[in-house]
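One file, coords23.txt, is given below (compact mmCIF, C-alpha atoms).
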```txt
# COMPACT_ATOMS: atom_id res chain seq x y z
CA MET A 1 -0.36 3.65 44.82
CA ALA A 2 0.04 0.84 47.37
CA ARG A 3 1.20 2.38 50.58
CA ARG A 4 2.28 -0.81 52.27
CA LYS A 5 4.45 -3.70 51.25
CA VAL A 6 1.89 -6.14 49.85
CA ALA A 7 2.81 -9.20 47.81
CA ALA A 8 2.30 -8.35 44.13
CA ASN A 9 1.88 -10.60 41.11
CA GLY A 10 4.84 -12.83 40.47
CA ALA A 11 6.64 -11.74 43.62
CA ALA A 12 8.30 -14.24 45.90
CA ASP A 13 7.08 -14.21 49.43
CA VAL A 14 7.90 -10.88 50.88
CA SER A 15 7.63 -11.52 54.57
CA GLU A 16 11.31 -12.24 55.06
CA SER A 17 12.55 -8.77 54.19
CA SER A 18 10.94 -6.09 56.28
CA THR A 19 13.86 -3.73 56.59
CA SER A 20 14.17 -0.01 55.95
CA ALA A 21 13.70 1.06 59.54
CA ALA A 22 17.47 0.99 60.13
CA PRO A 23 19.30 4.09 58.94
CA LYS A 24 22.33 2.19 57.64
CA ILE A 25 21.97 -0.93 55.54
CA VAL A 26 24.95 -3.19 55.18
CA GLY A 27 25.25 -4.26 51.57
CA ALA A 28 26.93 -7.15 49.90
CA ASP A 29 30.27 -5.40 49.99
CA SER A 30 29.75 -4.94 53.75
CA GLU A 31 30.13 -1.17 53.67
CA PRO A 32 27.39 0.89 55.29
CA ARG A 33 25.28 2.36 52.52
CA ASP A 34 23.20 5.51 52.25
CA VAL A 35 19.48 5.26 52.60
CA ILE A 36 17.78 5.93 49.28
CA LYS A 37 14.42 7.62 49.49
CA ALA A 38 12.06 8.47 46.69
CA ASN A 39 8.70 10.20 46.52
CA ASN A 40 6.09 7.46 46.46
CA ALA A 41 3.60 9.60 44.62
CA ASN A 42 5.89 10.38 41.71
CA LEU A 43 6.06 7.41 39.33
CA THR A 44 8.84 8.95 37.23
CA GLU A 45 10.99 9.43 40.30
CA LEU A 46 10.44 5.82 41.37
CA LYS A 47 11.47 4.54 37.96
CA HIS A 48 14.57 6.76 37.93
CA THR A 49 15.51 5.60 41.42
CA LEU A 50 15.35 1.96 40.37
CA ASP A 51 17.20 2.69 37.13
CA ASP A 52 19.96 4.45 39.07
CA ALA A 53 20.20 1.59 41.56
CA LEU A 54 20.46 -0.81 38.62
CA LYS A 55 23.24 1.22 37.00
CA ARG A 56 25.14 1.43 40.27
CA PHE A 57 24.79 -2.25 41.00
CA LEU A 58 25.84 -3.48 37.56
CA GLY A 59 28.52 -0.84 37.12
CA ARG A 60 30.46 -2.05 40.14
CA PRO A 61 34.06 -3.10 39.45
CA ASP A 62 33.34 -6.77 40.08
CA GLN A 63 30.37 -6.74 37.72
CA PHE A 64 30.27 -5.12 34.31
CA LYS A 65 32.02 -2.15 32.81
CA THR A 66 29.40 0.41 31.85
CA ILE A 67 29.21 1.50 28.22
CA HIS A 68 28.43 5.20 28.26
CA GLN A 69 27.80 5.54 24.57
CA HIS A 70 24.17 6.69 24.71
CA THR A 71 24.81 9.20 27.45
CA ASP A 72 27.88 10.55 25.67
CA VAL A 73 26.06 10.97 22.37
CA ARG A 74 23.25 12.80 24.10
CA LEU A 75 25.70 15.02 25.98
CA ALA A 76 27.75 15.78 22.87
CA LEU A 77 24.76 16.64 20.69
CA GLY A 78 23.05 18.55 23.46
CA TRP A 79 26.02 20.70 24.40
CA ALA A 80 26.89 21.30 20.74
CA GLY A 81 23.35 22.59 20.27
CA VAL A 82 23.68 24.84 23.31
CA PHE A 83 26.91 26.35 22.03
CA VAL A 84 25.54 26.86 18.52
CA ALA A 85 22.44 28.52 19.93
CA THR A 86 24.41 30.77 22.28
CA GLY A 87 26.83 31.75 19.54
CA THR A 88 24.01 32.55 17.15
CA ALA A 89 22.14 34.58 19.74
CA LEU A 90 25.25 36.56 20.70
CA TYR A 91 26.06 37.24 17.07
CA GLY A 92 22.51 38.38 16.37
CA TRP A 93 22.66 40.63 19.38
CA LYS A 94 25.96 42.26 18.48
CA VAL A 95 25.42 42.71 14.75
CA GLU A 96 22.60 44.78 13.29
CA PHE A 97 19.55 42.79 12.19
CA GLU A 98 19.65 42.94 8.42
CA ARG A 99 23.36 42.14 8.21
CA SER A 100 23.12 39.32 10.71
CA LYS A 101 20.35 37.45 8.95
CA PRO A 102 22.39 34.96 6.86
CA ILE A 103 24.47 33.77 9.80
CA VAL A 104 21.48 33.60 12.12
CA TRP A 105 19.67 31.49 9.53
CA ALA A 106 22.68 29.18 9.32
CA GLY A 107 22.92 28.90 13.10
CA MET A 108 19.21 28.26 13.43
CA ILE A 109 19.26 25.47 10.82
CA LEU A 110 22.28 23.89 12.47
CA TYR A 111 20.54 23.99 15.83
CA ILE A 112 17.41 22.39 14.37
CA ILE A 113 19.50 19.65 12.77
CA LEU A 114 21.32 18.92 16.03
CA THR A 115 18.09 18.81 18.02
CA SER A 116 16.40 16.55 15.46
CA VAL A 117 19.35 14.14 15.39
CA GLN A 118 19.32 14.06 19.17
CA THR A 119 15.59 13.31 19.29
CA LEU A 120 15.80 10.65 16.60
CA TYR A 121 18.76 9.02 18.32
CA ALA A 122 16.98 8.96 21.66
CA TYR A 123 13.84 7.53 20.08
CA PHE A 124 15.25 4.93 17.70
CA VAL A 125 18.68 3.93 18.93
CA GLU A 126 18.43 4.49 22.67
CA GLY A 127 14.74 3.64 23.19
CA ASP A 128 14.09 2.27 26.66
CA ILE A 129 17.69 1.21 27.34
CA VAL A 130 18.89 2.20 30.78
CA TYR A 131 22.06 0.18 31.05
CA ALA A 132 24.62 -1.25 28.62
CA GLY A 133 27.68 -2.99 29.93
CA LYS A 134 30.47 -5.24 28.81
CA ARG A 135 32.97 -7.55 30.40
CA LYS A 136 36.07 -9.34 29.20
CA THR A 137 37.22 -12.55 30.75
CA PHE A 138 40.49 -14.29 29.99
CA ALA A 139 39.63 -17.94 30.48
CA LYS A 140 40.93 -20.26 27.80
CA ARG A 141 40.25 -17.58 25.21
CA ILE A 142 39.29 -13.94 25.41
CA GLU A 143 35.57 -13.84 25.92
CA THR A 144 33.57 -10.64 25.57
CA GLU A 145 30.18 -10.33 27.19
CA ARG A 146 27.69 -7.60 26.48
CA ILE A 147 24.49 -6.95 28.36
CA THR A 148 21.76 -4.46 27.49
CA ILE A 149 18.90 -3.70 29.85
CA GLU A 150 15.68 -1.84 29.09
CA SER A 151 13.21 -0.74 31.70
CA ARG A 152 9.61 0.33 31.44
CA THR A 153 6.85 1.28 33.82
CA GLN A 154 3.55 -0.50 33.58
CA PRO A 155 0.88 1.86 34.85
CA SER A 156 -1.41 0.76 37.62
CA THR A 157 -4.78 -0.78 36.86
CA SER A 158 -7.81 -1.00 39.10
CA THR A 159 -6.52 -4.29 40.50
CA SER A 160 -2.73 -3.97 40.50
CA PRO A 161 -0.14 -1.41 41.51
CA PRO A 162 2.25 0.16 38.99
CA LYS A 163 4.98 -2.22 37.97
CA TYR A 164 8.62 -2.03 36.95
CA GLU A 165 9.47 -4.11 33.92
CA LEU A 166 13.00 -5.12 33.01
CA SER A 167 14.09 -6.68 29.71
CA LEU A 168 17.61 -8.01 29.46
CA ALA A 169 19.59 -9.05 26.39
CA TYR A 170 22.92 -10.81 26.75
CA VAL A 171 25.56 -11.95 24.30
CA ARG A 172 28.82 -13.72 24.96
CA SER A 173 31.28 -14.07 22.15
CA SER A 174 34.94 -14.78 21.62
CA ASN A 175 37.60 -13.92 19.05
CA SER A 176 36.37 -10.34 19.18
CA GLY A 177 32.80 -11.05 18.25
CA LYS A 178 33.35 -13.63 15.58
CA ALA A 179 32.27 -16.73 17.48
CA LEU A 180 29.00 -16.59 19.37
CA LEU A 181 29.15 -18.55 22.60
CA HIS A 182 25.89 -17.76 24.33
CA ARG A 183 22.91 -15.53 23.84
CA GLY A 184 20.23 -14.97 26.46
CA LYS A 185 17.13 -12.87 26.90
CA GLY A 186 15.40 -12.17 30.19
CA HIS A 187 12.25 -10.42 31.21
CA ASP A 188 10.55 -9.81 34.53
CA VAL A 189 7.96 -7.54 36.07
CA ARG A 190 7.59 -6.54 39.71
CA GLY A 191 5.30 -4.03 41.36
CA TYR A 192 7.01 -0.92 42.69
CA ASN A 193 5.62 -1.75 46.08
CA TYR A 194 7.90 -4.79 46.13
CA PHE A 195 10.91 -2.49 46.42
CA PHE A 196 9.69 0.66 48.15
CA ASP A 197 8.06 0.82 51.55
CA GLU A 198 5.37 3.26 52.59
CA GLU A 199 7.87 6.05 53.24
CA GLY A 200 9.54 5.60 49.87
CA THR A 201 12.74 4.00 51.15
CA LEU A 202 14.24 1.60 48.65
CA ASP A 203 15.10 -1.86 49.90
CA GLN A 204 18.41 -2.18 48.10
CA ASP A 205 19.09 -5.78 49.06
CA VAL A 206 15.79 -7.00 47.69
CA PHE A 207 16.36 -5.10 44.47
CA GLU A 208 19.90 -6.34 44.01
CA GLU A 209 18.88 -9.91 44.69
CA TRP A 210 16.22 -9.66 42.02
CA VAL A 211 18.61 -8.13 39.49
CA ARG A 212 21.32 -10.63 40.34
CA GLY A 213 18.89 -13.47 39.73
CA LEU A 214 17.82 -12.06 36.39
CA VAL A 215 21.38 -11.51 35.24
CA ALA A 216 22.38 -15.02 36.31
CA ASN A 217 19.45 -16.41 34.33
CA VAL A 218 20.44 -14.55 31.25
CA THR A 219 24.18 -15.19 31.38
CA GLY A 220 23.53 -18.89 31.94
CA GLU A 221 25.97 -19.05 34.83
CA ASP A 222 26.03 -18.29 38.50
CA ASN A 223 27.18 -14.74 39.03
CA MET B 1 17.54 21.80 52.54
CA PHE B 2 18.92 20.10 49.46
CA THR B 3 20.76 17.27 51.22
CA GLU B 4 18.78 14.58 49.43
CA GLU B 5 19.47 16.09 46.01
CA LEU B 6 23.15 16.70 46.78
CA LYS B 7 23.57 13.16 48.04
CA SER B 8 21.98 11.70 44.95
CA LEU B 9 24.09 13.94 42.71
CA ARG B 10 27.31 12.78 44.33
CA ARG B 11 26.16 9.20 44.03
CA LEU B 12 25.29 9.47 40.36
CA GLY B 13 28.55 10.92 39.18
CA PHE B 14 29.88 13.52 36.82
CA ARG B 15 27.99 12.58 33.67
CA HIS B 16 24.71 12.94 35.50
CA VAL B 17 25.59 16.43 36.68
CA LEU B 18 26.44 17.36 33.08
CA LEU B 19 23.08 16.00 31.96
CA GLN B 20 21.19 18.04 34.52
CA VAL B 21 23.03 21.24 33.63
CA LEU B 22 22.32 20.43 29.98
CA ASN B 23 18.61 20.25 30.85
CA PHE B 24 18.80 23.73 32.30
CA ALA B 25 20.79 25.08 29.37
CA ASN B 26 18.31 23.50 26.96
CA VAL B 27 15.41 25.34 28.54
CA ILE B 28 17.17 28.64 27.94
CA THR B 29 18.44 27.88 24.46
CA SER B 30 15.14 26.54 23.16
CA GLY B 31 13.43 29.74 24.32
CA LEU B 32 16.17 31.78 22.68
CA MET B 33 15.99 29.86 19.42
CA ILE B 34 12.21 30.10 19.25
CA TRP B 35 12.51 33.87 19.65
CA LYS B 36 15.22 34.17 17.01
CA GLY B 37 13.34 31.83 14.67
CA LEU B 38 10.21 33.91 14.99
CA GLY B 39 12.25 37.00 14.25
CA LEU B 40 13.72 35.42 11.11
CA VAL B 41 10.37 34.21 9.84
CA THR B 42 8.66 37.54 10.36
CA ASN B 43 11.75 39.42 9.21
CA THR B 44 11.81 41.73 12.18
CA GLU B 45 14.11 42.19 15.14
CA SER B 46 11.40 41.93 17.78
CA PRO B 47 8.42 39.98 16.54
CA ILE B 48 6.51 40.50 19.79
CA VAL B 49 6.38 43.82 21.64
CA VAL B 50 4.48 45.25 24.60
CA VAL B 51 2.58 48.54 24.50
CA LEU B 52 3.96 50.86 27.16
CA SER B 53 1.96 54.05 26.73
CA GLY B 54 -1.65 55.03 26.11
CA SER B 55 -1.02 56.93 22.88
CA MET B 56 -2.91 54.41 20.76
CA GLU B 57 -6.10 54.18 22.81
CA PRO B 58 -8.79 52.97 22.24
CA ALA B 59 -7.11 50.56 19.82
CA PHE B 60 -4.27 49.44 22.10
CA TYR B 61 -3.93 49.91 25.81
CA ARG B 62 -0.87 49.74 28.02
CA GLY B 63 0.01 46.12 28.60
CA ASP B 64 -1.19 44.74 25.26
CA LEU B 65 1.02 42.30 23.38
CA LEU B 66 1.56 43.08 19.68
CA PHE B 67 2.64 40.70 16.90
CA LEU B 68 4.72 42.26 14.16
CA THR B 69 5.81 41.37 10.67
CA ASN B 70 8.08 43.23 8.31
CA LEU B 71 7.94 41.33 5.05
CA PRO B 72 10.24 42.91 2.47
CA SER B 73 7.64 42.74 -0.27
CA SER B 74 5.02 44.69 1.64
CA SER B 75 4.80 48.43 1.42
CA TYR B 76 3.21 50.44 4.17
CA LYS B 77 -0.14 52.10 3.57
CA THR B 78 -1.99 54.84 5.39
CA GLY B 79 -3.81 53.34 8.29
CA ASP B 80 -1.23 50.63 9.05
CA ILE B 81 -0.10 50.55 12.63
CA THR B 82 3.68 50.38 12.74
CA VAL B 83 6.34 50.08 15.39
CA TYR B 84 9.36 52.20 14.64
CA GLN B 85 12.60 53.05 16.36
CA ILE B 86 14.54 56.26 15.80
CA PRO B 87 18.30 55.68 15.97
CA GLY B 88 19.55 57.00 19.27
CA VAL B 89 16.23 56.52 21.06
CA ASP B 90 15.93 53.53 23.40
CA ILE B 91 12.27 52.71 23.13
CA PRO B 92 10.40 51.87 19.92
CA ILE B 93 7.08 53.63 19.38
CA VAL B 94 3.83 52.15 18.09
CA HIS B 95 1.74 54.63 16.09
CA ARG B 96 -0.42 54.73 12.98
CA VAL B 97 0.80 55.78 9.53
CA ILE B 98 -1.12 58.85 8.37
CA GLU B 99 0.87 59.86 5.32
CA THR B 100 3.06 58.00 2.87
CA HIS B 101 5.17 59.10 -0.06
CA ASP B 102 6.38 56.45 -2.45
CA ILE B 103 9.52 57.39 -4.32
CA PRO B 104 10.15 55.21 -7.37
CA ARG B 105 13.34 53.32 -6.74
CA ASP B 106 16.25 53.90 -9.03
CA ARG B 107 16.33 50.55 -10.90
CA SER B 108 20.03 50.67 -11.46
CA SER B 109 20.90 50.92 -7.78
CA ASN B 110 22.45 47.95 -6.02
CA SER B 111 20.24 47.96 -2.96
CA THR B 112 18.81 44.48 -2.55
CA LEU B 113 17.50 45.03 0.94
CA ILE B 114 14.03 46.18 0.09
CA HIS B 115 12.19 45.19 -3.01
CA THR B 116 9.59 47.89 -2.96
CA ASP B 117 9.89 51.50 -3.83
CA LYS B 118 11.44 53.74 -1.22
CA GLN B 119 8.87 55.09 1.17
CA LEU B 120 8.68 58.13 3.41
CA LEU B 121 6.20 57.87 6.25
CA LEU B 122 4.55 60.15 8.78
CA THR B 123 2.95 58.68 11.87
CA LYS B 124 0.65 59.82 14.67
CA GLY B 125 -0.72 58.19 17.76
CA ASP B 126 -4.51 57.83 17.73
CA ASN B 127 -4.74 59.36 21.17
CA ASN B 128 -2.32 62.25 20.51
CA TYR B 129 -3.17 65.75 19.30
CA MET B 130 -0.03 66.22 17.24
CA ASP B 131 1.69 64.03 14.73
CA ASP B 132 5.08 62.56 15.54
CA ILE B 133 7.36 65.17 13.98
CA GLN B 134 8.57 66.12 17.48
CA LEU B 135 9.67 62.56 18.10
CA TYR B 136 11.70 62.18 14.92
CA GLN B 137 14.81 63.82 16.38
CA GLY B 138 15.23 66.19 13.47
CA LEU B 139 14.10 63.95 10.64
CA ASP B 140 11.20 65.10 8.45
CA TRP B 141 10.01 61.67 7.50
CA LEU B 142 10.37 58.13 8.69
CA GLU B 143 12.07 55.78 6.32
CA ARG B 144 11.51 52.10 5.79
CA ARG B 145 14.69 51.24 7.64
CA HIS B 146 13.39 52.80 10.85
CA ILE B 147 10.35 50.56 10.94
CA VAL B 148 10.58 47.50 13.14
CA GLY B 149 7.35 46.03 11.81
CA LYS B 150 3.65 46.32 11.11
CA VAL B 151 1.12 45.16 13.67
CA GLN B 152 -0.72 42.05 12.50
CA GLY B 153 -2.50 41.06 15.69
CA PHE B 154 -2.61 41.62 19.41
CA LEU B 155 -3.41 40.02 22.77
CA PRO B 156 -4.76 42.21 25.55
CA TYR B 157 -3.30 42.36 29.08
CA ILE B 158 -0.60 39.69 28.59
CA GLY B 159 2.12 42.31 28.36
CA TYR B 160 1.64 43.30 31.99
CA VAL B 161 3.93 40.43 32.97
CA THR B 162 6.77 42.05 31.01
CA ILE B 163 5.97 45.49 32.42
CA ALA B 164 5.98 44.07 35.95
CA MET B 165 9.31 42.34 35.33
CA ASN B 166 10.83 45.55 34.01
CA ASP B 167 9.58 47.67 36.85
CA PHE B 168 10.56 45.11 39.50
CA PRO B 169 13.78 43.43 38.38
CA GLN B 170 13.74 41.23 41.48
CA LEU B 171 10.67 39.54 40.07
CA LYS B 172 12.53 38.72 36.87
CA TYR B 173 15.50 37.24 38.72
CA ALA B 174 13.26 35.33 41.10
CA LEU B 175 11.33 33.82 38.18
CA LEU B 176 14.48 32.89 36.29
CA GLY B 177 16.11 31.52 39.42
CA GLY B 178 13.08 29.42 40.25
CA LEU B 179 12.86 28.05 36.73
CA GLY B 180 16.56 27.24 36.73
CA LEU B 181 16.39 25.44 40.05
CA LEU B 182 13.45 23.40 38.83
CA ALA B 183 15.26 22.40 35.65
CA LEU B 184 18.40 21.48 37.57
CA VAL B 185 16.87 19.13 40.11
CA GLN B 186 14.09 17.56 38.10
CA ARG B 187 14.72 14.64 35.78
CA GLU B 188 12.78 14.33 32.53
```
So, in terms of structure tokens, how does the structure I just supplied come out?
Amino acid sequence: MARRKVAANGAADVSESSTSAAPKIVGADSEPRDVIKANNANLTELKHTLDDALKRFLGRPDQFKTIHQHTDVRLALGWAGVFVATGTALYGWKVEFERSKPIVWAGMILYIILTSVQTLYAYFVEGDIVYAGKRKTFAKRIETERITIESRTQPSTSTSPPKYELSLAYVRSSNSGKALLHRGKGHDVRGYNYFFDEEGTLDQDVFEEWVRGLVANVTGEDN
Amino acid sequence: MFTEELKSLRRLGFRHVLLQVLNFANVITSGLMIWKGLGLVTNTESPIVVVLSGSMEPAFYRGDLLFLTNLPSSSYKTGDITVYQIPGVDIPIVHRVIETHDIPRDRSSNSTLIHTDKQLLLTKGDNNYMDDIQLYQGLDWLERRHIVGKVQGFLPYIGYVTIAMNDFPQLKYALLGGLGLLALVQRE
């Protein structure tokens, strides 16, 4: 892992933003923000930190309205499975073994079905998506915008640090989806060292600028 | 101590907290379901048991893990090692069958539980002088319904973890607590 902020492939020149020493960073909404720290050695944690920052930035009231569908499906299936499993286990514990067998079989099969559906959903429908949002504007006509963002980690090679890859897909339509106004796709890769300094503090301004630029590219307008 | 985690939890919102608790609950329920599934497949209440006493030495020692099955089509033969539990006694006992009597089942009866003929069994621990009549709490023979299962295989020493957790309950709670904490704060 790169321990210092070094310019990575495709990065703009980095020398202008050497922050992260100050405990409070003033953000675009000019409120003092918390310092976000992540463990530099843990790639999963770095990815999650950036994903969370992305969700927070795009979910702000002046940006998009977050669609929670994937999270809600996972929560619903997951908790249903937990309740089925607990109920089955309690029943099997209270009732004597031979008599309890049919119901325990039924509970077990139900649990397996719920877990399989959950796994299949996460693999096929959700995939790498970390953010889905929509926005309605009332210009001349009601326009609906929908943005979907996937993120991936590219592992480090012998010559480059690990990188964070974002893929964006954007659709703007009107008349409730019947007329397509604009469709855009975006894609960019930056090394994790572009956003995190050697102590693991996230430079939120740099990250938000990058995301803002990508979103503006993909919506075809200045955000 | 957990200020970083608490701060990030508050920042991420309610759904995230639910997801983390779901992670923890999933760890427990998947363990539970694997246990119950194993019990259903092997047709026995406890498919894996730990040997507590030395009455089956030199075959099994204290701390060995035993794998049981109780398939309804199998009948028990002399020489099988069975785990049985007398109603009213807390702890099941693992001993060898030394005598069996097969009573032809009345074909017109409605019992669908066991497909073999009714069996009466007498057991004895390899390392004991006497057979188990004293342990039967007044019964003369063991019946099929008292048997938890027949031993199919074993793993030495592994059971000591369970024995340690039973003798020192603090260890059990500490282990569970540590596992729970790990599942709550970690993410995927």
* Structure fact -> CA of Leu171 in chain B sits from CA of Val49 in chain B at a separation of 19.4 Å
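Of note, CA of Lys77 in chain B and CA of Gly125 in chain B are spaced 15.5 Å apart.
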* **Contacts of range 145-156 of chain A within 8 Å, only C-alpha atoms, excl. fewer than 5 positions in-chain, as an NGL selection string** => :A and (1 or 47 or 51 or 128-136 or 161-173)
* Of the listed residues A:Asn175, A:Thr44, A:Ser116, A:Gln69, that which approaches chain B most closely, counting all atoms listed in the file ->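 Checking each candidate against chain B, we get A:Thr44 as the closest.
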Work out where the centre of an axis-aligned box around every listed atom of range 84-91 of chain B lies and how long its edges are once 6 Å is added on each side; give both in Å to one decimal as AutoDock Vina command-line options.
```
--center_x 14.5 --center_y 54.6 --center_z 19.0 --size_x 22.2 --size_y 16.8 --size_z 20.8
```
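The shortest atom-to-atom distance to chain B, with only C-alpha atoms taken into account, belongs to A:Tyr91 out of A:Phe138, A:Tyr121, A:Phe195, A:Tyr91.
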With the cut-off set at 8 Å and counting only C-alpha atoms, tabulate each residue of chain B with an atom at most that distance from an atom of chain A, showing the nearest atom pair and its distance in Å to one decimal, ordered by chain and increasing number, as JSON lines.
```
{"residue": "B:Leu12", "atom": "CA", "partner": "A:Asp52", "partner_atom": "CA", "distance": 7.4}
{"residue": "B:Arg15", "atom": "CA", "partner": "A:Thr71", "partner_atom": "CA", "distance": 7.8}
{"residue": "B:Leu18", "atom": "CA", "partner": "A:Leu75", "partner_atom": "CA", "distance": 7.5}
{"residue": "B:Leu19", "atom": "CA", "partner": "A:Leu75", "partner_atom": "CA", "distance": 6.6}
{"residue": "B:Leu22", "atom": "CA", "partner": "A:Trp79", "partner_atom": "CA", "distance": 6.7}
{"residue": "B:Ala25", "atom": "CA", "partner": "A:Val82", "partner_atom": "CA", "distance": 6.7}
{"residue": "B:Asn26", "atom": "CA", "partner": "A:Val82", "partner_atom": "CA", "distance": 6.6}
{"residue": "B:Thr29", "atom": "CA", "partner": "A:Ala85", "partner_atom": "CA", "distance": 6.1}
{"residue": "B:Leu32", "atom": "CA", "partner": "A:Ala89", "partner_atom": "CA", "distance": 7.2}
{"residue": "B:Met33", "atom": "CA", "partner": "A:Ala85", "partner_atom": "CA", "distance": 6.6}
{"residue": "B:Lys36", "atom": "CA", "partner": "A:Ala89", "partner_atom": "CA", "distance": 7.5}
{"residue": "B:Gly37", "atom": "CA", "partner": "A:Met108", "partner_atom": "CA", "distance": 7.0}
{"residue": "B:Leu40", "atom": "CA", "partner": "A:Lys101", "partner_atom": "CA", "distance": 7.3}
{"residue": "B:Thr44", "atom": "CA", "partner": "A:Phe97", "partner_atom": "CA", "distance": 7.8}
{"residue": "B:Glu45", "atom": "CA", "partner": "A:Phe97", "partner_atom": "CA", "distance": 6.2}
{"residue": "B:Arg187", "atom": "CA", "partner": "A:Glu45", "partner_atom": "CA", "distance": 7.8}
```
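Going from CA of Ser158 in chain A to CA of Asn193 in chain A covers 15.2 Å.
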* To do: Give as a count of residues only each residue that has an atom at most 10 Å from (5.4, 38.4, 28.7) in the file, counting all atoms listed in the file.
  => 15
* **Nearest to Asn39 in chain A, chosen from A:Val218, A:Ile113, A:Leu202, A:Val211, with all atoms listed in the file counted in the distances** => A:Leu202
* What's the 9 Å shell around Pro87 in chain B, counting all atoms listed in the file, without same-chain residues fewer than 3 positions away, as number ranges by chain? -> B: 90, 137, 146
* Please, which residues are within 12 Å of (-7.5, 52.3, 23.5) by the file's coordinates, counting all atoms listed in the file, and could they come as a VMD selection string? -> chain B and resid 51 53 to 64 125 to 128 156
* Asked: Which is closest to Phe67 in chain B among B:Lys118, B:Leu38, B:Met130, B:Thr100, if we use only C-alpha atoms?
  ->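 Comparing B:Lys118, B:Leu38, B:Met130, B:Thr100 against Phe67 in chain B, the winner is B:Leu38.
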* Asked: Could you pull the residues within 12 Å of Gly180 in chain B, counting only C-alpha atoms, minus those fewer than 6 positions along the same chain, as number ranges by chain?
  -> B: 20-28, 173-174, 186
Please produce a file of those selected residues containing C-alpha atoms, as an mmCIF file, in the coordinates of the input.
```
data_model
loop_
_atom_site.group_PDB
_atom_site.id
_atom_site.type_symbol
_atom_site.label_atom_id
_atom_site.label_comp_id
_atom_site.auth_asym_id
_atom_site.auth_seq_id
_atom_site.Cartn_x
_atom_site.Cartn_y
_atom_site.Cartn_z
ATOM 1 C CA GLN B 20 21.190 18.040 34.520
ATOM 2 C CA VAL B 21 23.030 21.240 33.630
ATOM 3 C CA LEU B 22 22.320 20.430 29.980
ATOM 4 C CA ASN B 23 18.610 20.250 30.850
ATOM 5 C CA PHE B 24 18.800 23.730 32.300
ATOM 6 C CA ALA B 25 20.790 25.080 29.370
ATOM 7 C CA ASN B 26 18.310 23.500 26.960
ATOM 8 C CA VAL B 27 15.410 25.340 28.540
ATOM 9 C CA ILE B 28 17.170 28.640 27.940
ATOM 10 C CA TYR B 173 15.500 37.240 38.720
ATOM 11 C CA ALA B 174 13.260 35.330 41.100
ATOM 12 C CA GLN B 186 14.090 17.560 38.100
#
```
